[in-house]
2 protein chains.
Amino acid sequence: MTLTDTNSWTGIREVLLRRIHDRVWQPGEQIPHEADLAQEFGCARTTVNRALRDLAESGLVIRKRRAGTRVALNPPQRATLTIPIIREEVEALGRTYRHSLLERDLRPLPPMLHGAFQVSLGEDVLFLKTLHFADDRPYAFEERYINLKAAPGAQDMSFEDVSANEWLVHNAPYSHGDLSFFAVNADKTLSRKLDTASGTALFAMERITWSGEVPITHVRLIFAPGYRMRTEI
Amino acid sequence: MTLTDTNSWTGIREVLLRRIHDRVWQPGEQIPHEADLAQEFGCARTTVNRALRDLAESGLVIRKRRAGTRVALNPPQRATLTIPIIREEVEALGRTYRHSLLERDLRPLPPMLHGAFQVSLGEDVLFLKTLHFADDRPYAFEERYINLKAAPGAQDMSFEDVSANEWLVHNAPYSHGDLSFFAVNADKTLSRKLDTASGTALFAMERITWSGEVPITHVRLIFAPGYRMRTEI
DNA sequence: TACGATAATATGCATGCACATATTAACGTG
DNA sequence: CACGTTAATATGTGCATGCATATTATCGTA
């Protein structure tokens, strides 16, 4: 039997967590004040605060000033997923990474993206089409638009050695972004690139990143069949 | 021009963040000690600590005792995604939710799941097949196995009114789980249930949850065409 | 009674201090 | 000089305290 150290904030968090799990405090119910808990555990209010703040961060309790702390009614199921650089993801699987640049040109932004990706009208963006490999087998197909206003250095890069993915991470840090996941059927091009039958269901990810108000890049990644994105909760 | 209050930990965090973004501190580079920063900002070390801890949590800096704090080389791209109860997700879209239970029986655990879902050999599990609707249009198809040892009350539930999804969230809280996302082609059954052409690429999610060492449930959710899982980073 | 001012209260946050702990650098001994 | 011991150091965490702030309850007045 492991006994929890109720003198550390993590220990206190465990105790509180168990009470929530064991329904000592019902969902929606208000739990004792920080001051009371501090007295119960024989510690400073600061320590209880730390534990409660952590529980609030993970969504298990809802805290409001004056109103107190209560157990969340529907503990939202949150998962943190890590989106690695493709090279690192492949290498973590023990496979050898390489990529090949299929296309690279300047072109006006396709109308489809005008809403989400606000670059000045008539401004060209850098378009890249890349195929990522793991052990010489296609791993993912990438289509990317880069706003040269946000990443001027990109124009001088060939992106044949360093992938745009990696270069941007290191050279055009973003402040926020939108991410979405969905499924697509392989069309003729995709099936040829990813070496699969036409029509196969493929896992896809789309990402737009900004630095403040300025859009940096729009990527669409389509993974080879069998890809799974995993995480723990 | 918004001036940041360098006396609050969030203010200090913003300043540090900007220095990292602006490459004042290069990736991999070590940044000044808490004590030095505290002096620079004219605040307590605790306050700087709070700011740095927050940056470390989001993966932007790496902290080690004695070794100091340094800017992360490849800021891992983390996204927190919220997996809501389907009813809530549908209602948040302003649509009406309902579900219909297609199958419900006790059966031995399929061999496919023996590895991941450890119930005693010969033990039956509760199997449910559910279709979720939004405004009477199919939204997601669900196949679920419930370990009755972990959620005994489930045997007495019909799950016709309350979905298993929702009931379990409220009655069998889990401590951790595995989550994965992938794409599947609609087979004959799926295409009929989800009212789509056979072969359509569908977004799918699989989830296993445990309470300690005891598996609670295994769900596989397959969403109707067009579904996108979104999040911000 | 209606409604706005005011007081009470729970959490949020900053401070200064002390000690714990992990890690690295320096040192000393064989 | 190699290698294990020891000291120095940066972060991690706890405590007591005081004030800030958001929210709710209460009270007084028209």
# chains A, B, ... in the order shown; residues from 1 in each chain; ligands from 1
>>> residues_around(residues="DA8 (chain C)", least_positions_apart="4", cutoff="12 Å", atoms="only C-alpha atoms (C1' of nucleotides)", output="PyMOL selection string")
(chain A and resi 66) or (chain D and resi 23-26)
>>> closest_atom_pairs(of="chain C", to="chain B", cutoff="12 Å", atoms="only C-alpha atoms (C1' of nucleotides)", output="Markdown table")
| residue | atom | partner | partner_atom | distance |
| --- | --- | --- | --- | --- |
| C:DG12 | C1' | B:Ser8 | CA | 11.2 |
| C:DC13 | C1' | B:Ser8 | CA | 7.9 |
| C:DA14 | C1' | B:Thr47 | CA | 7.1 |
| C:DT15 | C1' | B:Ala44 | CA | 6.1 |
| C:DG16 | C1' | B:Ala44 | CA | 7.8 |
| C:DC17 | C1' | B:Ala44 | CA | 10.9 |
| C:DA20 | C1' | B:Arg65 | CA | 11.6 |
| C:DT21 | C1' | B:Arg65 | CA | 8.1 |
| C:DA22 | C1' | B:Arg65 | CA | 5.5 |
| C:DT23 | C1' | B:Arg66 | CA | 5.4 |
| C:DT24 | C1' | B:Arg66 | CA | 7.1 |
| C:DA25 | C1' | B:Arg66 | CA | 10.9 |
>>> write_last_selection(atoms="C-alpha atoms (C1' of nucleotides)", output="PDB file, in the first residue's frame")
ATOM      1  C1'  DG C  12      -6.059  34.688  -6.974  1.00  0.00           C
ATOM      2  C1'  DC C  13      -1.702  36.282  -6.502  1.00  0.00           C
ATOM      3  C1'  DA C  14       2.678  38.511  -4.726  1.00  0.00           C
ATOM      4  C1'  DT C  15       6.378  38.375  -1.121  1.00  0.00           C
ATOM      5  C1'  DG C  16      10.209  36.680   1.735  1.00  0.00           C
ATOM      6  C1'  DC C  17      11.942  33.010   3.711  1.00  0.00           C
ATOM      7  C1'  DA C  20      14.597  19.703  -0.254  1.00  0.00           C
ATOM      8  C1'  DT C  21      16.536  17.605  -4.232  1.00  0.00           C
ATOM      9  C1'  DA C  22      18.852  16.787  -8.419  1.00  0.00           C
ATOM     10  C1'  DT C  23      22.858  17.651 -10.932  1.00  0.00           C
ATOM     11  C1'  DT C  24      27.207  19.292 -11.900  1.00  0.00           C
ATOM     12  C1'  DA C  25      31.815  20.833 -10.687  1.00  0.00           C
TER      13       DA C  25
END
>>> interface_residues(of="chain D", to="chain B", cutoff="7 Å", atoms="only C-alpha atoms (C1' of nucleotides)", output="PyMOL selection string")
chain D and resi 9-11
>>> write_last_selection(atoms="N, CA and C atoms (P, O5', C5', C4', C3', O3' and C1' of nucleotides)", output="tab-separated table (two decimals), in the first residue's frame")
chain	number	residue	atom	x	y	z
D	9	DT	P	28.48	28.24	-5.71
D	9	DT	O5'	27.20	27.75	-6.52
D	9	DT	C5'	27.37	27.09	-7.76
D	9	DT	C4'	26.03	26.60	-8.27
D	9	DT	C3'	24.90	27.62	-8.12
D	9	DT	O3'	24.16	27.62	-9.33
D	9	DT	C1'	24.25	25.57	-7.22
D	10	DA	P	23.67	29.01	-9.91
D	10	DA	O5'	22.29	28.60	-10.59
D	10	DA	C5'	22.26	27.52	-11.52
D	10	DA	C4'	20.91	26.84	-11.48
D	10	DA	C3'	19.73	27.80	-11.33
D	10	DA	O3'	18.79	27.59	-12.37
D	10	DA	C1'	19.65	26.08	-9.68
D	11	DT	P	17.38	28.26	-12.36
D	11	DT	O5'	16.48	27.09	-11.79
D	11	DT	C5'	16.38	25.88	-12.54
D	11	DT	C4'	15.69	24.82	-11.72
D	11	DT	C3'	14.20	25.06	-11.47
D	11	DT	O3'	13.52	23.85	-11.76
D	11	DT	C1'	15.29	24.64	-9.44
>>> closest_residue(among="B:Ala197, B:Ile233, B:Leu17, B:Val48", to="chain A", atoms="only C-alpha atoms")
B:Ile233
>>> select_by_dssp(residues="region 6-232 of chain B", states="strand (DSSP E)", output="ChimeraX atom specification")
/B:30-31,61-64,68-71,77-83,97-108,124-134,137-146,176-185,201-211,214-223,229-232
>>> interface_residues(of="chain A", to="chain B", cutoff="6 Å", atoms="only C-alpha atoms", output="VMD selection string")
chain A and resid 77 to 83 176 to 185 201 to 203 228 to 233
>>> write_last_selection(atoms="C-alpha atoms", output="CSV table (one decimal), in the first residue's frame")
chain,number,residue,atom,x,y,z
A,77,GLN,CA,-12.3,14.5,-21.5
A,78,ARG,CA,-9.2,16.3,-22.5
A,79,ALA,CA,-6.3,14.8,-24.3
A,80,THR,CA,-3.0,16.4,-25.1
A,81,LEU,CA,-1.6,15.3,-28.3
A,82,THR,CA,1.8,15.9,-29.4
A,83,ILE,CA,2.3,16.7,-33.1
A,176,HIS,CA,-1.2,30.1,-32.3
A,177,GLY,CA,-2.8,27.9,-34.9
A,178,ASP,CA,-5.8,25.9,-36.0
A,179,LEU,CA,-5.6,22.2,-36.3
A,180,SER,CA,-8.1,19.8,-37.7
A,181,PHE,CA,-8.2,16.1,-38.5
A,182,PHE,CA,-10.4,14.2,-40.9
A,183,ALA,CA,-10.5,11.4,-43.4
A,184,VAL,CA,-10.2,11.5,-47.1
A,185,ASN,CA,-10.5,9.0,-49.9
A,201,ALA,CA,-9.4,5.9,-46.6
A,202,LEU,CA,-6.6,8.1,-45.4
A,203,PHE,CA,-6.0,10.0,-42.3
A,228,ARG,CA,-3.0,6.1,-36.3
A,229,MET,CA,-2.6,9.1,-34.2
A,230,ARG,CA,-2.4,8.0,-30.6
A,231,THR,CA,-2.5,9.6,-27.3
A,232,GLU,CA,-3.1,8.9,-23.6
A,233,ILE,CA,-5.6,10.5,-21.3
>>> atom_distance(atom1="CA of Glu29 (chain B)", atom2="CA of Val71 (chain B)")
5.7 Å
>>> atom_distance(atom1="CA of Ile216 (chain B)", atom2="CA of Ser100 (chain B)")
22.0 Å
>>> residues_around(residues="Asp135 (chain A)", least_positions_apart="2", cutoff="7 Å", atoms="only C-alpha atoms (C1' of nucleotides)", output="MDAnalysis selection string")
chainID A and resid 95:97 133 137
>>> select_by_dssp(residues="region 141-230 of chain A", states="helix (DSSP H, G or I)", output="list in words")
Pro152, Gly153, Ala154, Gln155, Asp156, Ala164, Asn165, Glu166, Trp167, Leu168, Val169, His170, Asn171, Lys188, Thr189, Leu190, Ser191, Arg192 and Lys193 of chain A
>>> atom_distance(atom1="CA of Ser158 (chain B)", atom2="CA of Leu126 (chain B)")
11.1 Å
>>> residues_around(residues="DC3 (chain D)", least_positions_apart="2", cutoff="12 Å", atoms="only C-alpha atoms (C1' of nucleotides)", output="count of residues only")
6
>>> residues_around(residues="Phe117 (chain B)", least_positions_apart="5", cutoff="12 Å", atoms="only C-alpha atoms (C1' of nucleotides)", output="VMD selection string")
chain B and resid 108 to 112 123 125 145 to 147 150 177 to 178 207 to 210 213 to 219
>>> write_last_selection(atoms="C-alpha atoms", output="PDB file, in the first residue's frame")
ATOM      1  CA  PRO B 108     -17.205 -13.199 -24.760  1.00  0.00           C
ATOM      2  CA  LEU B 109     -14.607 -10.592 -25.534  1.00  0.00           C
ATOM      3  CA  PRO B 110     -13.537 -10.794 -29.186  1.00  0.00           C
ATOM      4  CA  PRO B 111     -10.008 -12.182 -29.529  1.00  0.00           C
ATOM      5  CA  MET B 112      -8.899  -8.993 -31.237  1.00  0.00           C
ATOM      6  CA  GLU B 123     -15.805 -13.598 -18.624  1.00  0.00           C
ATOM      7  CA  VAL B 125     -18.664  -8.441 -21.518  1.00  0.00           C
ATOM      8  CA  TYR B 145     -17.600  -3.330 -24.926  1.00  0.00           C
ATOM      9  CA  ILE B 146     -18.147  -2.807 -21.220  1.00  0.00           C
ATOM     10  CA  ASN B 147     -16.377  -4.802 -18.526  1.00  0.00           C
ATOM     11  CA  ALA B 150     -15.664  -2.557 -13.577  1.00  0.00           C
ATOM     12  CA  GLY B 177      -7.063   5.695 -21.098  1.00  0.00           C
ATOM     13  CA  ASP B 178      -5.673   5.201 -24.570  1.00  0.00           C
ATOM     14  CA  ARG B 207     -10.758   4.564 -26.862  1.00  0.00           C
ATOM     15  CA  ILE B 208     -10.008   2.238 -23.978  1.00  0.00           C
ATOM     16  CA  THR B 209     -10.378   3.458 -20.432  1.00  0.00           C
ATOM     17  CA  TRP B 210      -9.177   1.970 -17.181  1.00  0.00           C
ATOM     18  CA  GLU B 213      -5.593  -1.733 -13.593  1.00  0.00           C
ATOM     19  CA  VAL B 214      -9.166  -2.663 -14.418  1.00  0.00           C
ATOM     20  CA  PRO B 215     -10.351  -1.993 -17.959  1.00  0.00           C
ATOM     21  CA  ILE B 216     -13.739  -0.317 -18.067  1.00  0.00           C
ATOM     22  CA  THR B 217     -14.744   0.040 -21.654  1.00  0.00           C
ATOM     23  CA  HIS B 218     -13.587  -0.150 -25.234  1.00  0.00           C
ATOM     24  CA  VAL B 219     -15.340   2.100 -27.739  1.00  0.00           C
TER      25      VAL B 219
END
>>> decode(residues="region 2-27 of chain C", atoms="N, CA and C atoms (P, O5', C5', C4', C3', O3' and C1' of nucleotides)", output="PDB file, in the first residue's frame")
ATOM      1  P    DA C   2     -40.926  43.944  -6.229  1.00  0.00           P
ATOM      2  O5'  DA C   2     -40.009  44.993  -7.002  1.00  0.00           O
ATOM      3  C5'  DA C   2     -40.509  46.312  -7.243  1.00  0.00           C
ATOM      4  C4'  DA C   2     -39.334  47.261  -7.412  1.00  0.00           C
ATOM      5  C3'  DA C   2     -38.116  46.630  -8.085  1.00  0.00           C
ATOM      6  O3'  DA C   2     -37.590  47.549  -9.042  1.00  0.00           O
ATOM      7  C1'  DA C   2     -37.486  47.512  -5.979  1.00  0.00           C
ATOM      8  P    DC C   3     -36.481  47.080 -10.052  1.00  0.00           P
ATOM      9  O5'  DC C   3     -35.237  47.931  -9.549  1.00  0.00           O
ATOM     10  C5'  DC C   3     -35.446  49.219  -8.960  1.00  0.00           C
ATOM     11  C4'  DC C   3     -34.165  49.654  -8.268  1.00  0.00           C
ATOM     12  C3'  DC C   3     -32.902  49.020  -8.863  1.00  0.00           C
ATOM     13  O3'  DC C   3     -31.888  50.001  -8.914  1.00  0.00           O
ATOM     14  C1'  DC C   3     -32.978  48.603  -6.566  1.00  0.00           C
ATOM     15  P    DG C   4     -30.745  49.928 -10.008  1.00  0.00           P
ATOM     16  O5'  DG C   4     -29.600  50.805  -9.343  1.00  0.00           O
ATOM     17  C5'  DG C   4     -29.958  51.997  -8.646  1.00  0.00           C
ATOM     18  C4'  DG C   4     -29.143  52.106  -7.367  1.00  0.00           C
ATOM     19  C3'  DG C   4     -27.645  51.839  -7.547  1.00  0.00           C
ATOM     20  O3'  DG C   4     -26.912  52.770  -6.766  1.00  0.00           O
ATOM     21  C1'  DG C   4     -28.509  50.404  -5.889  1.00  0.00           C
ATOM     22  P    DA C   5     -25.353  52.943  -6.989  1.00  0.00           P
ATOM     23  O5'  DA C   5     -24.811  52.828  -5.498  1.00  0.00           O
ATOM     24  C5'  DA C   5     -25.357  53.671  -4.486  1.00  0.00           C
ATOM     25  C4'  DA C   5     -25.019  53.101  -3.123  1.00  0.00           C
ATOM     26  C3'  DA C   5     -23.532  52.857  -2.880  1.00  0.00           C
ATOM     27  O3'  DA C   5     -23.203  53.311  -1.570  1.00  0.00           O
ATOM     28  C1'  DA C   5     -24.734  50.842  -2.534  1.00  0.00           C
ATOM     29  P    DT C   6     -21.674  53.234  -1.048  1.00  0.00           P
ATOM     30  O5'  DT C   6     -21.687  51.891  -0.196  1.00  0.00           O
ATOM     31  C5'  DT C   6     -22.720  51.670   0.765  1.00  0.00           C
ATOM     32  C4'  DT C   6     -22.465  50.340   1.464  1.00  0.00           C
ATOM     33  C3'  DT C   6     -20.987  50.014   1.716  1.00  0.00           C
ATOM     34  O3'  DT C   6     -20.856  49.470   3.018  1.00  0.00           O
ATOM     35  C1'  DT C   6     -22.003  48.230   0.589  1.00  0.00           C
ATOM     36  P    DA C   7     -19.434  49.421   3.735  1.00  0.00           P
ATOM     37  O5'  DA C   7     -19.479  47.967   4.380  1.00  0.00           O
ATOM     38  C5'  DA C   7     -20.690  47.515   4.982  1.00  0.00           C
ATOM     39  C4'  DA C   7     -20.779  46.002   4.887  1.00  0.00           C
ATOM     40  C3'  DA C   7     -19.510  45.270   5.342  1.00  0.00           C
ATOM     41  O3'  DA C   7     -19.904  44.179   6.152  1.00  0.00           O
ATOM     42  C1'  DA C   7     -20.110  44.570   3.172  1.00  0.00           C
ATOM     43  P    DA C   8     -18.872  43.408   7.052  1.00  0.00           P
ATOM     44  O5'  DA C   8     -18.907  41.950   6.421  1.00  0.00           O
ATOM     45  C5'  DA C   8     -20.174  41.327   6.222  1.00  0.00           C
ATOM     46  C4'  DA C   8     -19.998  40.111   5.341  1.00  0.00           C
ATOM     47  C3'  DA C   8     -18.811  39.217   5.718  1.00  0.00           C
ATOM     48  O3'  DA C   8     -19.274  37.865   5.695  1.00  0.00           O
ATOM     49  C1'  DA C   8     -18.674  39.801   3.431  1.00  0.00           C
ATOM     50  P    DT C   9     -18.333  36.715   6.239  1.00  0.00           P
ATOM     51  O5'  DT C   9     -17.810  36.049   4.896  1.00  0.00           O
ATOM     52  C5'  DT C   9     -18.757  35.545   3.957  1.00  0.00           C
ATOM     53  C4'  DT C   9     -18.017  35.092   2.722  1.00  0.00           C
ATOM     54  C3'  DT C   9     -16.744  34.289   3.000  1.00  0.00           C
ATOM     55  O3'  DT C   9     -16.744  33.159   2.152  1.00  0.00           O
ATOM     56  C1'  DT C   9     -16.292  36.000   1.483  1.00  0.00           C
ATOM     57  P    DA C  10     -16.224  31.785   2.724  1.00  0.00           P
ATOM     58  O5'  DA C  10     -15.536  31.149   1.435  1.00  0.00           O
ATOM     59  C5'  DA C  10     -16.292  31.054   0.222  1.00  0.00           C
ATOM     60  C4'  DA C  10     -15.330  31.121  -0.954  1.00  0.00           C
ATOM     61  C3'  DA C  10     -14.011  30.383  -0.746  1.00  0.00           C
ATOM     62  O3'  DA C  10     -13.813  29.440  -1.798  1.00  0.00           O
ATOM     63  C1'  DA C  10     -13.615  32.621  -1.438  1.00  0.00           C
ATOM     64  P    DT C  11     -12.471  28.656  -1.946  1.00  0.00           P
ATOM     65  O5'  DT C  11     -11.734  29.486  -3.095  1.00  0.00           O
ATOM     66  C5'  DT C  11     -12.335  29.556  -4.378  1.00  0.00           C
ATOM     67  C4'  DT C  11     -11.649  30.627  -5.196  1.00  0.00           C
ATOM     68  C3'  DT C  11     -10.231  30.286  -5.646  1.00  0.00           C
ATOM     69  O3'  DT C  11     -10.123  30.589  -7.032  1.00  0.00           O
ATOM     70  C1'  DT C  11     -10.261  32.390  -4.595  1.00  0.00           C
ATOM     71  P    DG C  12      -8.762  30.395  -7.773  1.00  0.00           P
ATOM     72  O5'  DG C  12      -8.093  31.839  -7.687  1.00  0.00           O
ATOM     73  C5'  DG C  12      -8.603  32.901  -8.493  1.00  0.00           C
ATOM     74  C4'  DG C  12      -7.528  33.969  -8.651  1.00  0.00           C
ATOM     75  C3'  DG C  12      -6.138  33.413  -8.971  1.00  0.00           C
ATOM     76  O3'  DG C  12      -5.535  34.242  -9.965  1.00  0.00           O
ATOM     77  C1'  DG C  12      -6.059  34.688  -6.974  1.00  0.00           C
ATOM     78  P    DC C  13      -4.149  33.907 -10.530  1.00  0.00           P
ATOM     79  O5'  DC C  13      -3.201  34.811  -9.628  1.00  0.00           O
ATOM     80  C5'  DC C  13      -3.394  36.222  -9.617  1.00  0.00           C
ATOM     81  C4'  DC C  13      -2.463  36.823  -8.600  1.00  0.00           C
ATOM     82  C3'  DC C  13      -1.000  36.363  -8.732  1.00  0.00           C
ATOM     83  O3'  DC C  13      -0.205  37.518  -8.784  1.00  0.00           O
ATOM     84  C1'  DC C  13      -1.702  36.282  -6.502  1.00  0.00           C
ATOM     85  P    DA C  14       1.192  37.461  -9.515  1.00  0.00           P
ATOM     86  O5'  DA C  14       2.121  38.154  -8.415  1.00  0.00           O
ATOM     87  C5'  DA C  14       1.817  39.472  -7.998  1.00  0.00           C
ATOM     88  C4'  DA C  14       2.482  39.738  -6.689  1.00  0.00           C
ATOM     89  C3'  DA C  14       3.927  39.256  -6.611  1.00  0.00           C
ATOM     90  O3'  DA C  14       4.781  40.348  -6.306  1.00  0.00           O
ATOM     91  C1'  DA C  14       2.678  38.511  -4.726  1.00  0.00           C
ATOM     92  P    DT C  15       6.310  40.109  -6.126  1.00  0.00           P
ATOM     93  O5'  DT C  15       6.453  39.855  -4.561  1.00  0.00           O
ATOM     94  C5'  DT C  15       5.874  40.778  -3.634  1.00  0.00           C
ATOM     95  C4'  DT C  15       6.350  40.408  -2.255  1.00  0.00           C
ATOM     96  C3'  DT C  15       7.807  39.929  -2.212  1.00  0.00           C
ATOM     97  O3'  DT C  15       8.527  40.682  -1.263  1.00  0.00           O
ATOM     98  C1'  DT C  15       6.378  38.375  -1.121  1.00  0.00           C
ATOM     99  P    DG C  16      10.106  40.771  -1.338  1.00  0.00           P
ATOM    100  O5'  DG C  16      10.536  39.907  -0.075  1.00  0.00           O
ATOM    101  C5'  DG C  16       9.869  40.110   1.165  1.00  0.00           C
ATOM    102  C4'  DG C  16      10.241  38.988   2.118  1.00  0.00           C
ATOM    103  C3'  DG C  16      11.690  38.509   1.988  1.00  0.00           C
ATOM    104  O3'  DG C  16      12.226  38.378   3.296  1.00  0.00           O
ATOM    105  C1'  DG C  16      10.209  36.680   1.735  1.00  0.00           C
ATOM    106  P    DC C  17      13.740  38.095   3.561  1.00  0.00           P
ATOM    107  O5'  DC C  17      13.718  36.590   4.063  1.00  0.00           O
ATOM    108  C5'  DC C  17      12.820  36.225   5.109  1.00  0.00           C
ATOM    109  C4'  DC C  17      12.569  34.736   5.067  1.00  0.00           C
ATOM    110  C3'  DC C  17      13.827  33.866   4.948  1.00  0.00           C
ATOM    111  O3'  DC C  17      14.161  33.359   6.230  1.00  0.00           O
ATOM    112  C1'  DC C  17      11.942  33.010   3.711  1.00  0.00           C
ATOM    113  P    DA C  18      15.551  32.593   6.439  1.00  0.00           P
ATOM    114  O5'  DA C  18      15.090  31.059   6.369  1.00  0.00           O
ATOM    115  C5'  DA C  18      13.911  30.642   7.025  1.00  0.00           C
ATOM    116  C4'  DA C  18      13.617  29.211   6.614  1.00  0.00           C
ATOM    117  C3'  DA C  18      14.876  28.342   6.511  1.00  0.00           C
ATOM    118  O3'  DA C  18      14.700  27.161   7.276  1.00  0.00           O
ATOM    119  C1'  DA C  18      13.582  28.199   4.508  1.00  0.00           C
ATOM    120  P    DC C  19      15.966  26.254   7.596  1.00  0.00           P
ATOM    121  O5'  DC C  19      15.654  24.964   6.712  1.00  0.00           O
ATOM    122  C5'  DC C  19      14.349  24.399   6.746  1.00  0.00           C
ATOM    123  C4'  DC C  19      14.115  23.596   5.494  1.00  0.00           C
ATOM    124  C3'  DC C  19      15.211  22.568   5.173  1.00  0.00           C
ATOM    125  O3'  DC C  19      14.582  21.319   4.991  1.00  0.00           O
ATOM    126  C1'  DC C  19      14.643  23.801   3.262  1.00  0.00           C
ATOM    127  P    DA C  20      15.423  19.992   4.723  1.00  0.00           P
ATOM    128  O5'  DA C  20      14.913  19.569   3.278  1.00  0.00           O
ATOM    129  C5'  DA C  20      13.510  19.574   2.993  1.00  0.00           C
ATOM    130  C4'  DA C  20      13.287  19.025   1.590  1.00  0.00           C
ATOM    131  C3'  DA C  20      14.197  17.871   1.202  1.00  0.00           C
ATOM    132  O3'  DA C  20      13.441  16.972   0.389  1.00  0.00           O
ATOM    133  C1'  DA C  20      14.597  19.703  -0.254  1.00  0.00           C
ATOM    134  P    DT C  21      14.056  15.619  -0.101  1.00  0.00           P
ATOM    135  O5'  DT C  21      14.616  16.009  -1.524  1.00  0.00           O
ATOM    136  C5'  DT C  21      13.716  16.459  -2.522  1.00  0.00           C
ATOM    137  C4'  DT C  21      14.477  16.627  -3.816  1.00  0.00           C
ATOM    138  C3'  DT C  21      15.508  15.523  -4.095  1.00  0.00           C
ATOM    139  O3'  DT C  21      15.427  15.222  -5.472  1.00  0.00           O
ATOM    140  C1'  DT C  21      16.536  17.605  -4.232  1.00  0.00           C
ATOM    141  P    DA C  22      15.805  13.813  -6.034  1.00  0.00           P
ATOM    142  O5'  DA C  22      16.401  14.195  -7.467  1.00  0.00           O
ATOM    143  C5'  DA C  22      15.725  15.178  -8.243  1.00  0.00           C
ATOM    144  C4'  DA C  22      16.755  15.965  -9.036  1.00  0.00           C
ATOM    145  C3'  DA C  22      17.813  15.112  -9.724  1.00  0.00           C
ATOM    146  O3'  DA C  22      17.953  15.599 -11.047  1.00  0.00           O
ATOM    147  C1'  DA C  22      18.852  16.787  -8.419  1.00  0.00           C
ATOM    148  P    DT C  23      18.651  14.720 -12.165  1.00  0.00           P
ATOM    149  O5'  DT C  23      19.977  15.548 -12.447  1.00  0.00           O
ATOM    150  C5'  DT C  23      19.851  16.939 -12.706  1.00  0.00           C
ATOM    151  C4'  DT C  23      21.177  17.612 -12.494  1.00  0.00           C
ATOM    152  C3'  DT C  23      22.379  16.851 -13.089  1.00  0.00           C
ATOM    153  O3'  DT C  23      23.006  17.743 -13.978  1.00  0.00           O
ATOM    154  C1'  DT C  23      22.858  17.651 -10.932  1.00  0.00           C
ATOM    155  P    DT C  24      23.932  17.215 -15.157  1.00  0.00           P
ATOM    156  O5'  DT C  24      25.190  18.167 -14.990  1.00  0.00           O
ATOM    157  C5'  DT C  24      24.965  19.539 -14.665  1.00  0.00           C
ATOM    158  C4'  DT C  24      26.059  20.030 -13.755  1.00  0.00           C
ATOM    159  C3'  DT C  24      27.476  19.698 -14.216  1.00  0.00           C
ATOM    160  O3'  DT C  24      28.169  20.923 -14.393  1.00  0.00           O
ATOM    161  C1'  DT C  24      27.207  19.292 -11.900  1.00  0.00           C
ATOM    162  P    DA C  25      29.537  20.961 -15.189  1.00  0.00           P
ATOM    163  O5'  DA C  25      30.500  21.434 -14.008  1.00  0.00           O
ATOM    164  C5'  DA C  25      30.086  22.522 -13.186  1.00  0.00           C
ATOM    165  C4'  DA C  25      31.002  22.606 -11.989  1.00  0.00           C
ATOM    166  C3'  DA C  25      32.483  22.436 -12.308  1.00  0.00           C
ATOM    167  O3'  DA C  25      33.213  23.419 -11.596  1.00  0.00           O
ATOM    168  C1'  DA C  25      31.815  20.833 -10.687  1.00  0.00           C
ATOM    169  P    DA C  26      34.778  23.550 -11.812  1.00  0.00           P
ATOM    170  O5'  DA C  26      35.318  23.125 -10.378  1.00  0.00           O
ATOM    171  C5'  DA C  26      34.618  23.579  -9.216  1.00  0.00           C
ATOM    172  C4'  DA C  26      35.159  22.841  -8.010  1.00  0.00           C
ATOM    173  C3'  DA C  26      36.678  22.663  -8.009  1.00  0.00           C
ATOM    174  O3'  DA C  26      37.184  23.054  -6.729  1.00  0.00           O
ATOM    175  C1'  DA C  26      35.605  20.569  -7.727  1.00  0.00           C
ATOM    176  P    DC C  27      38.751  23.081  -6.482  1.00  0.00           P
ATOM    177  O5'  DC C  27      38.938  21.817  -5.552  1.00  0.00           O
ATOM    178  C5'  DC C  27      37.931  21.496  -4.582  1.00  0.00           C
ATOM    179  C4'  DC C  27      38.160  20.095  -4.081  1.00  0.00           C
ATOM    180  C3'  DC C  27      39.644  19.728  -3.894  1.00  0.00           C
ATOM    181  O3'  DC C  27      39.853  19.406  -2.539  1.00  0.00           O
ATOM    182  C1'  DC C  27      38.446  18.005  -5.013  1.00  0.00           C
TER     183       DC C  27
END
